[in-house]
Amino acid sequence: MAVRTAVRELSPTRRRRDWFAVRSLAEGLTTPLHPDDYLRYVNPLWTSRELRGRVESVVRETEDAATLVIRPGWGWRFDHKAGQYVGIGVPIEGRYQWRSYSLTSTPRRRGRRITITIRAMPEGKLSGHLIEGLAPGTVVRLAAPAGDFVLPDPPPERILFLVGGSGITPIMAMLKTLVRRAGEGRWPLPDIHLVYSSPTPERMIFRERLSRLAANHESLTFTPIFTDTDGMLTFDRLDEVVPDWRERQTWACGPAPMLDAATEHWQDADLEDALHLERFTLERGGDAGEGGTVSFQNSGKEHEAEPGTTVLEAGEAAGVGMPYGCRMGICHTCTLTLVKGSVTDVRNGDRFDQPNEQIQTCVTVPDGDCTIAI
Ligand code: FES
């Protein structure tokens, strides 16, 4: 008689719960050390202290851009929203360098991989290193996905994606997600017009994939603009390129001058609510914070900071060895204790004025005199 054994597949939630239970048990057995102190020798991705990932491959997209396929380790939730970015920290010359890049993969647990697509910047040591120097197998640190450059759920019926250069990366994640969800029958693919400017066809990231997508989906219109030969898309030509742009919700990502011009154009049309922007650099108000004398308690150094100067910049100007990573408020490497005084977060105007508060020095500016513990 054949004996059949039922093998029950555990759900991901159940597996996760069991794994947490094993970890708690291990915590008791390994005290005073943390289980991570042992586990990382077995598998460097097994740590709950920080998010990590292993680079599985680097796929060349253009001469100066590549996609990193990363398998995240313990704690990664696969629940990001298309359009969000992640921080990635890579050891270079013994120090972790952090940058943030848009995720180009769709948020899904199946496959257990994420991708980010990077263009090497002429002055960007890290971007060049990520493209040229990361061997498959390299373990990197990751910061959880963040950012509100995302689509609503359900998406609007008519969308304009306005893209310049590597601004395609968050848009690619949105496009893939819209197409996938349409394929799953969740909602029909919206009427999408993608206008994407790049100097040449060779430099246009995902050009072939986008052409294929447009060929396969009637409601997706792809207008590539090659600025070396076609000239820049100026907004007085927008009526010609996308006659119904006023009836679309627009997501725009690209160089700052393009985004500034778009903001002005949409404001002039009294349609600024229909425009959603993503900027890749830290935005700060030039007059944020009053400035003041920033004193560095342990080193006895100080710096007279102009309005708009971050605490990190003040420390560097004073010759203090300030810790930092991304310089954009993502990785928290720069966090120090505010001993006294007050500082303002340039991203949202939040004020910190409690003694011994933790502040991110790369995104805070002094409001009057303040003292930092370093
Ligand atoms: S340096 Fe990354 S948050 Fe400040």
# chains A, B, ... in the order shown; residues from 1 in each chain; ligands from 1
>>> closest_atom_pairs(of="chain A", to="ligand 1", cutoff="8 Å", atoms="only C-alpha atoms and all ligand atoms", output="CSV")
residue,atom,partner,partner_atom_place_in_ligand_line,distance
A:Trp98,CA,ligand 1,2 (Fe),6.8
A:Pro323,CA,ligand 1,1 (S),7.3
A:Tyr324,CA,ligand 1,1 (S),4.0
A:Gly325,CA,ligand 1,1 (S),4.0
A:Cys326,CA,ligand 1,2 (Fe),3.9
A:Arg327,CA,ligand 1,1 (S),3.8
A:Met328,CA,ligand 1,2 (Fe),5.5
A:Gly329,CA,ligand 1,3 (S),3.4
A:Ile330,CA,ligand 1,3 (S),4.3
A:Cys331,CA,ligand 1,2 (Fe),3.9
A:His332,CA,ligand 1,3 (S),3.7
A:Thr333,CA,ligand 1,2 (Fe),5.1
A:Cys334,CA,ligand 1,4 (Fe),4.3
A:Thr335,CA,ligand 1,4 (Fe),6.5
A:Gln360,CA,ligand 1,4 (Fe),5.3
A:Thr361,CA,ligand 1,4 (Fe),6.0
A:Cys362,CA,ligand 1,4 (Fe),4.3
A:Val363,CA,ligand 1,4 (Fe),6.5
>>> residues_around(residues="segment 63-75 of chain A", least_positions_apart="4", cutoff="7 Å", atoms="only C-alpha atoms", output="PyMOL selection string")
chain A and resi 45-48+51-59+112-120+131
>>> select_by_dssp(residues="segment 50-282 of chain A", states="strand (DSSP E or B)", output="JSON list (two decimals) with N, CA and C atoms, in the first residue's frame")
[["chain", "number", "residue", "atom", "x", "y", "z"],
["A", 51, "LEU", "N", 19.48, 46.45, 7.68],
["A", 51, "LEU", "CA", 19.06, 45.78, 6.47],
["A", 51, "LEU", "C", 20.28, 45.56, 5.58],
["A", 52, "ARG", "N", 20.37, 44.38, 5.06],
["A", 52, "ARG", "CA", 21.49, 44.08, 4.16],
["A", 52, "ARG", "C", 20.97, 43.40, 2.91],
["A", 53, "GLY", "N", 21.80, 43.37, 1.91],
["A", 53, "GLY", "CA", 21.43, 42.67, 0.68],
["A", 53, "GLY", "C", 22.69, 42.17, 0.01],
["A", 54, "ARG", "N", 22.50, 41.15, -0.83],
["A", 54, "ARG", "CA", 23.64, 40.63, -1.57],
["A", 54, "ARG", "C", 23.43, 40.94, -3.06],
["A", 55, "VAL", "N", 24.46, 41.50, -3.67],
["A", 55, "VAL", "CA", 24.37, 41.80, -5.10],
["A", 55, "VAL", "C", 24.46, 40.48, -5.85],
["A", 56, "GLU", "N", 23.44, 40.20, -6.67],
["A", 56, "GLU", "CA", 23.47, 38.93, -7.41],
["A", 56, "GLU", "C", 24.03, 39.11, -8.81],
["A", 57, "SER", "N", 23.71, 40.27, -9.42],
["A", 57, "SER", "CA", 24.30, 40.53, -10.73],
["A", 57, "SER", "C", 24.23, 42.01, -11.05],
["A", 58, "VAL", "N", 25.04, 42.40, -11.99],
["A", 58, "VAL", "CA", 25.05, 43.79, -12.46],
["A", 58, "VAL", "C", 24.79, 43.73, -13.96],
["A", 59, "VAL", "N", 23.65, 44.29, -14.38],
["A", 59, "VAL", "CA", 23.24, 44.17, -15.79],
["A", 59, "VAL", "C", 23.45, 45.52, -16.47],
["A", 60, "ARG", "N", 24.28, 45.55, -17.48],
["A", 60, "ARG", "CA", 24.58, 46.79, -18.18],
["A", 60, "ARG", "C", 23.35, 47.25, -18.96],
["A", 61, "GLU", "N", 22.96, 48.51, -18.82],
["A", 61, "GLU", "CA", 21.80, 49.05, -19.55],
["A", 61, "GLU", "C", 22.27, 49.93, -20.71],
["A", 62, "THR", "N", 23.20, 50.85, -20.40],
["A", 62, "THR", "CA", 23.81, 51.69, -21.43],
["A", 62, "THR", "C", 25.29, 51.72, -21.08],
["A", 65, "ALA", "N", 25.30, 53.19, -17.52],
["A", 65, "ALA", "CA", 24.24, 52.87, -16.56],
["A", 65, "ALA", "C", 24.09, 51.36, -16.44],
["A", 66, "ALA", "N", 23.75, 50.92, -15.23],
["A", 66, "ALA", "CA", 23.60, 49.48, -15.01],
["A", 66, "ALA", "C", 22.53, 49.23, -13.96],
["A", 67, "THR", "N", 21.95, 48.05, -14.02],
["A", 67, "THR", "CA", 20.96, 47.65, -13.02],
["A", 67, "THR", "C", 21.61, 46.66, -12.06],
["A", 68, "LEU", "N", 21.48, 46.94, -10.77],
["A", 68, "LEU", "CA", 21.98, 46.02, -9.75],
["A", 68, "LEU", "C", 20.81, 45.15, -9.29],
["A", 69, "VAL", "N", 20.99, 43.85, -9.40],
["A", 69, "VAL", "CA", 19.98, 42.92, -8.90],
["A", 69, "VAL", "C", 20.43, 42.49, -7.51],
["A", 70, "ILE", "N", 19.61, 42.80, -6.51],
["A", 70, "ILE", "CA", 20.01, 42.57, -5.11],
["A", 70, "ILE", "C", 19.01, 41.64, -4.43],
["A", 71, "ARG", "N", 19.54, 40.70, -3.70],
["A", 71, "ARG", "CA", 18.67, 39.83, -2.89],
["A", 71, "ARG", "C", 18.74, 40.35, -1.45],
["A", 72, "PRO", "N", 17.67, 40.99, -0.98],
["A", 72, "PRO", "CA", 17.71, 41.53, 0.38],
["A", 72, "PRO", "C", 17.67, 40.42, 1.41],
["A", 85, "TYR", "N", 12.46, 55.22, -3.34],
["A", 85, "TYR", "CA", 13.89, 54.98, -3.45],
["A", 85, "TYR", "C", 14.39, 54.23, -2.22],
["A", 86, "VAL", "N", 15.58, 53.65, -2.36],
["A", 86, "VAL", "CA", 16.22, 53.01, -1.20],
["A", 86, "VAL", "C", 17.60, 53.61, -1.02],
["A", 87, "GLY", "N", 18.10, 53.54, 0.21],
["A", 87, "GLY", "CA", 19.49, 53.92, 0.45],
["A", 87, "GLY", "C", 20.33, 52.67, 0.30],
["A", 88, "ILE", "N", 21.51, 52.83, -0.29],
["A", 88, "ILE", "CA", 22.43, 51.69, -0.38],
["A", 88, "ILE", "C", 23.78, 52.15, 0.14],
["A", 89, "GLY", "N", 24.35, 51.36, 1.04],
["A", 89, "GLY", "CA", 25.64, 51.70, 1.64],
["A", 89, "GLY", "C", 26.67, 50.67, 1.23],
["A", 90, "VAL", "N", 27.78, 51.17, 0.69],
["A", 90, "VAL", "CA", 28.82, 50.29, 0.16],
["A", 90, "VAL", "C", 30.15, 50.68, 0.79],
["A", 91, "PRO", "N", 30.93, 49.68, 1.26],
["A", 91, "PRO", "CA", 32.22, 50.06, 1.84],
["A", 91, "PRO", "C", 33.21, 50.47, 0.76],
["A", 92, "ILE", "N", 33.73, 51.68, 0.88],
["A", 92, "ILE", "CA", 34.78, 52.13, -0.02],
["A", 92, "ILE", "C", 35.90, 52.67, 0.85],
["A", 95, "ARG", "N", 35.16, 52.80, 4.59],
["A", 95, "ARG", "CA", 34.09, 53.63, 5.14],
["A", 95, "ARG", "C", 32.82, 53.43, 4.30],
["A", 96, "TYR", "N", 31.66, 53.34, 4.96],
["A", 96, "TYR", "CA", 30.43, 53.13, 4.20],
["A", 96, "TYR", "C", 30.01, 54.43, 3.51],
["A", 97, "GLN", "N", 29.85, 54.37, 2.22],
["A", 97, "GLN", "CA", 29.34, 55.50, 1.44],
["A", 97, "GLN", "C", 27.89, 55.20, 1.11],
["A", 98, "TRP", "N", 27.02, 56.16, 1.35],
["A", 98, "TRP", "CA", 25.59, 55.94, 1.12],
["A", 98, "TRP", "C", 25.09, 56.83, 0.02],
["A", 99, "ARG", "N", 24.20, 56.31, -0.78],
["A", 99, "ARG", "CA", 23.45, 57.11, -1.75],
["A", 99, "ARG", "C", 22.05, 56.51, -1.83],
["A", 100, "SER", "N", 21.14, 57.27, -2.42],
["A", 100, "SER", "CA", 19.82, 56.69, -2.60],
["A", 100, "SER", "C", 19.51, 56.58, -4.08],
["A", 101, "TYR", "N", 18.83, 55.51, -4.44],
["A", 101, "TYR", "CA", 18.46, 55.27, -5.84],
["A", 101, "TYR", "C", 17.04, 54.74, -5.88],
["A", 102, "SER", "N", 16.34, 55.10, -6.95],
["A", 102, "SER", "CA", 14.97, 54.59, -7.10],
["A", 102, "SER", "C", 14.99, 53.10, -7.36],
["A", 103, "LEU", "N", 14.02, 52.43, -6.80],
["A", 103, "LEU", "CA", 13.86, 51.00, -7.10],
["A", 103, "LEU", "C", 13.23, 50.89, -8.49],
["A", 114, "ILE", "N", 15.28, 42.71, -5.53],
["A", 114, "ILE", "CA", 14.94, 44.08, -5.88],
["A", 114, "ILE", "C", 15.99, 44.55, -6.89],
["A", 115, "THR", "N", 15.63, 45.56, -7.67],
["A", 115, "THR", "CA", 16.62, 46.12, -8.59],
["A", 115, "THR", "C", 16.67, 47.63, -8.43],
["A", 116, "ILE", "N", 17.89, 48.16, -8.58],
["A", 116, "ILE", "CA", 18.05, 49.60, -8.69],
["A", 116, "ILE", "C", 18.88, 49.86, -9.93],
["A", 117, "THR", "N", 18.60, 50.95, -10.60],
["A", 117, "THR", "CA", 19.34, 51.25, -11.82],
["A", 117, "THR", "C", 20.10, 52.55, -11.61],
["A", 118, "ILE", "N", 21.37, 52.51, -11.93],
["A", 118, "ILE", "CA", 22.28, 53.60, -11.57],
["A", 118, "ILE", "C", 22.99, 54.12, -12.81],
["A", 119, "ARG", "N", 23.08, 55.44, -12.90],
["A", 119, "ARG", "CA", 23.91, 56.01, -13.97],
["A", 119, "ARG", "C", 25.17, 56.56, -13.32],
["A", 139, "VAL", "N", 28.12, 42.07, -0.26],
["A", 139, "VAL", "CA", 27.04, 42.39, 0.68],
["A", 139, "VAL", "C", 27.03, 43.89, 0.90],
["A", 140, "VAL", "N", 25.85, 44.49, 0.72],
["A", 140, "VAL", "CA", 25.70, 45.94, 0.88],
["A", 140, "VAL", "C", 24.71, 46.20, 2.01],
["A", 141, "ARG", "N", 24.75, 47.40, 2.59],
["A", 141, "ARG", "CA", 23.74, 47.79, 3.55],
["A", 141, "ARG", "C", 22.61, 48.48, 2.80],
["A", 142, "LEU", "N", 21.42, 48.34, 3.33],
["A", 142, "LEU", "CA", 20.26, 48.95, 2.68],
["A", 142, "LEU", "C", 19.50, 49.80, 3.69],
["A", 143, "ALA", "N", 18.93, 50.90, 3.24],
["A", 143, "ALA", "CA", 18.01, 51.67, 4.08],
["A", 143, "ALA", "C", 16.61, 51.44, 3.54],
["A", 144, "ALA", "N", 15.63, 51.34, 4.41],
["A", 144, "ALA", "CA", 14.26, 50.99, 4.01],
["A", 144, "ALA", "C", 13.73, 51.96, 2.94],
["A", 145, "PRO", "N", 12.86, 51.48, 2.06],
["A", 145, "PRO", "CA", 12.32, 52.33, 1.01],
["A", 145, "PRO", "C", 11.61, 53.55, 1.59],
["A", 146, "ALA", "N", 11.73, 54.65, 0.89],
["A", 146, "ALA", "CA", 11.08, 55.87, 1.35],
["A", 146, "ALA", "C", 10.71, 56.72, 0.13],
["A", 158, "ARG", "N", -5.84, 58.98, -16.75],
["A", 158, "ARG", "CA", -4.95, 59.54, -17.78],
["A", 158, "ARG", "C", -3.69, 60.07, -17.09],
["A", 159, "ILE", "N", -2.56, 59.59, -17.57],
["A", 159, "ILE", "CA", -1.28, 59.92, -16.91],
["A", 159, "ILE", "C", -0.30, 60.46, -17.95],
["A", 160, "LEU", "N", 0.47, 61.47, -17.54],
["A", 160, "LEU", "CA", 1.62, 61.90, -18.34],
["A", 160, "LEU", "C", 2.86, 61.67, -17.50],
["A", 161, "PHE", "N", 3.82, 60.91, -18.03],
["A", 161, "PHE", "CA", 5.12, 60.76, -17.39],
["A", 161, "PHE", "C", 6.09, 61.63, -18.18],
["A", 162, "LEU", "N", 6.70, 62.57, -17.49],
["A", 162, "LEU", "CA", 7.62, 63.51, -18.12],
["A", 162, "LEU", "C", 9.00, 63.23, -17.54],
["A", 163, "VAL", "N", 9.92, 62.77, -18.39],
["A", 163, "VAL", "CA", 11.17, 62.23, -17.86],
["A", 163, "VAL", "C", 12.38, 62.82, -18.58],
["A", 164, "GLY", "N", 13.42, 63.07, -17.81],
["A", 164, "GLY", "CA", 14.70, 63.45, -18.40],
["A", 164, "GLY", "C", 15.79, 62.57, -17.82],
["A", 191, "ASP", "N", -4.60, 55.37, -19.60],
["A", 191, "ASP", "CA", -4.12, 56.01, -20.83],
["A", 191, "ASP", "C", -2.85, 56.77, -20.43],
["A", 192, "ILE", "N", -1.69, 56.25, -20.86],
["A", 192, "ILE", "CA", -0.40, 56.79, -20.42],
["A", 192, "ILE", "C", 0.35, 57.39, -21.59],
["A", 193, "HIS", "N", 0.89, 58.58, -21.40],
["A", 193, "HIS", "CA", 1.81, 59.15, -22.39],
["A", 193, "HIS", "C", 3.15, 59.38, -21.69],
["A", 194, "LEU", "N", 4.19, 58.72, -22.19],
["A", 194, "LEU", "CA", 5.54, 58.88, -21.63],
["A", 194, "LEU", "C", 6.37, 59.71, -22.58],
["A", 195, "VAL", "N", 6.85, 60.86, -22.09],
["A", 195, "VAL", "CA", 7.73, 61.71, -22.90],
["A", 195, "VAL", "C", 9.10, 61.68, -22.21],
["A", 196, "TYR", "N", 10.08, 61.14, -22.91],
["A", 196, "TYR", "CA", 11.37, 60.85, -22.27],
["A", 196, "TYR", "C", 12.50, 61.46, -23.09],
["A", 197, "SER", "N", 13.22, 62.40, -22.47],
["A", 197, "SER", "CA", 14.33, 63.08, -23.17],
["A", 197, "SER", "C", 15.67, 62.50, -22.74],
["A", 198, "SER", "N", 16.52, 62.30, -23.74],
["A", 198, "SER", "CA", 17.87, 61.79, -23.49],
["A", 198, "SER", "C", 18.74, 62.33, -24.63],
["A", 220, "LEU", "N", -0.57, 52.89, -24.14],
["A", 220, "LEU", "CA", 0.70, 53.51, -23.76],
["A", 220, "LEU", "C", 1.35, 54.16, -24.98],
["A", 221, "THR", "N", 1.54, 55.47, -24.90],
["A", 221, "THR", "CA", 2.22, 56.20, -25.98],
["A", 221, "THR", "C", 3.60, 56.58, -25.48],
["A", 222, "PHE", "N", 4.62, 56.27, -26.26],
["A", 222, "PHE", "CA", 6.00, 56.56, -25.87],
["A", 222, "PHE", "C", 6.58, 57.56, -26.87],
["A", 223, "THR", "N", 6.94, 58.74, -26.37],
["A", 223, "THR", "CA", 7.56, 59.74, -27.24],
["A", 223, "THR", "C", 8.99, 59.98, -26.77],
["A", 224, "PRO", "N", 9.97, 59.33, -27.44],
["A", 224, "PRO", "CA", 11.36, 59.61, -27.06],
["A", 224, "PRO", "C", 11.82, 60.91, -27.72],
["A", 225, "ILE", "N", 12.60, 61.69, -27.00],
["A", 225, "ILE", "CA", 13.16, 62.92, -27.57],
["A", 225, "ILE", "C", 14.67, 62.85, -27.41],
["A", 226, "PHE", "N", 15.39, 62.90, -28.52],
["A", 226, "PHE", "CA", 16.85, 62.83, -28.46],
["A", 226, "PHE", "C", 17.38, 64.24, -28.60],
["A", 249, "GLN", "N", -2.92, 63.67, -15.07],
["A", 249, "GLN", "CA", -2.10, 63.81, -13.86],
["A", 249, "GLN", "C", -0.67, 63.54, -14.31],
["A", 250, "THR", "N", 0.25, 64.40, -13.92],
["A", 250, "THR", "CA", 1.61, 64.29, -14.44],
["A", 250, "THR", "C", 2.60, 63.95, -13.33],
["A", 251, "TRP", "N", 3.47, 62.98, -13.62],
["A", 251, "TRP", "CA", 4.58, 62.65, -12.73],
["A", 251, "TRP", "C", 5.85, 62.97, -13.51],
["A", 252, "ALA", "N", 6.67, 63.88, -12.95],
["A", 252, "ALA", "CA", 7.85, 64.34, -13.67],
["A", 252, "ALA", "C", 9.10, 64.07, -12.85],
["A", 253, "CYS", "N", 10.14, 63.58, -13.52],
["A", 253, "CYS", "CA", 11.39, 63.28, -12.83],
["A", 253, "CYS", "C", 12.55, 63.52, -13.81],
["A", 275, "LEU", "N", 0.52, 68.15, -10.87],
["A", 275, "LEU", "CA", 1.93, 67.88, -11.17],
["A", 275, "LEU", "C", 2.61, 67.29, -9.93],
["A", 276, "HIS", "N", 3.27, 66.15, -10.10],
["A", 276, "HIS", "CA", 3.96, 65.47, -9.00],
["A", 276, "HIS", "C", 5.43, 65.35, -9.41],
["A", 277, "LEU", "N", 6.32, 65.83, -8.53],
["A", 277, "LEU", "CA", 7.73, 65.90, -8.92],
["A", 277, "LEU", "C", 8.60, 65.05, -8.02],
["A", 278, "GLU", "N", 9.71, 64.58, -8.58],
["A", 278, "GLU", "CA", 10.74, 63.91, -7.78],
["A", 278, "GLU", "C", 12.07, 64.58, -8.07]]
>>> select_by_dssp(residues="segment 166-282 of chain A", states="alpha helix (DSSP H)", output="MDAnalysis selection string")
chainID A and resid 168:183 207:216 227:230 238:241 256:268
>>> atom_distance(atom1="atom CA of Asp345 of chain A", atom2="atom CA of Gly368 of chain A")
13.8 Å
>>> atom_distance(atom1="atom CA of Phe206 of chain A", atom2="atom CA of Trp76 of chain A")
26.3 Å
>>> residues_around(residues="Val311 of chain A", least_positions_apart="2", cutoff="6 Å", atoms="only C-alpha atoms", output="PDB file with C-alpha atoms, in the first residue's frame")
ATOM      1  CA  GLU A 313      28.722  71.422   6.903  1.00  0.00           C
ATOM      2  CA  ALA A 314      29.438  73.607   9.947  1.00  0.00           C
ATOM      3  CA  THR A 361      23.251  66.751  11.090  1.00  0.00           C
ATOM      4  CA  VAL A 365      20.433  73.896  10.195  1.00  0.00           C
TER       5      VAL A 365
END
>>> residues_around(residues="Lys340 of chain A", least_positions_apart="6", cutoff="12 Å", atoms="only C-alpha atoms", output="MDAnalysis selection string")
chainID A and resid 293:297 352:359 366:373
>>> atom_distance(atom1="atom CA of Val343 of chain A", atom2="atom CA of Gln84 of chain A")
27.4 Å
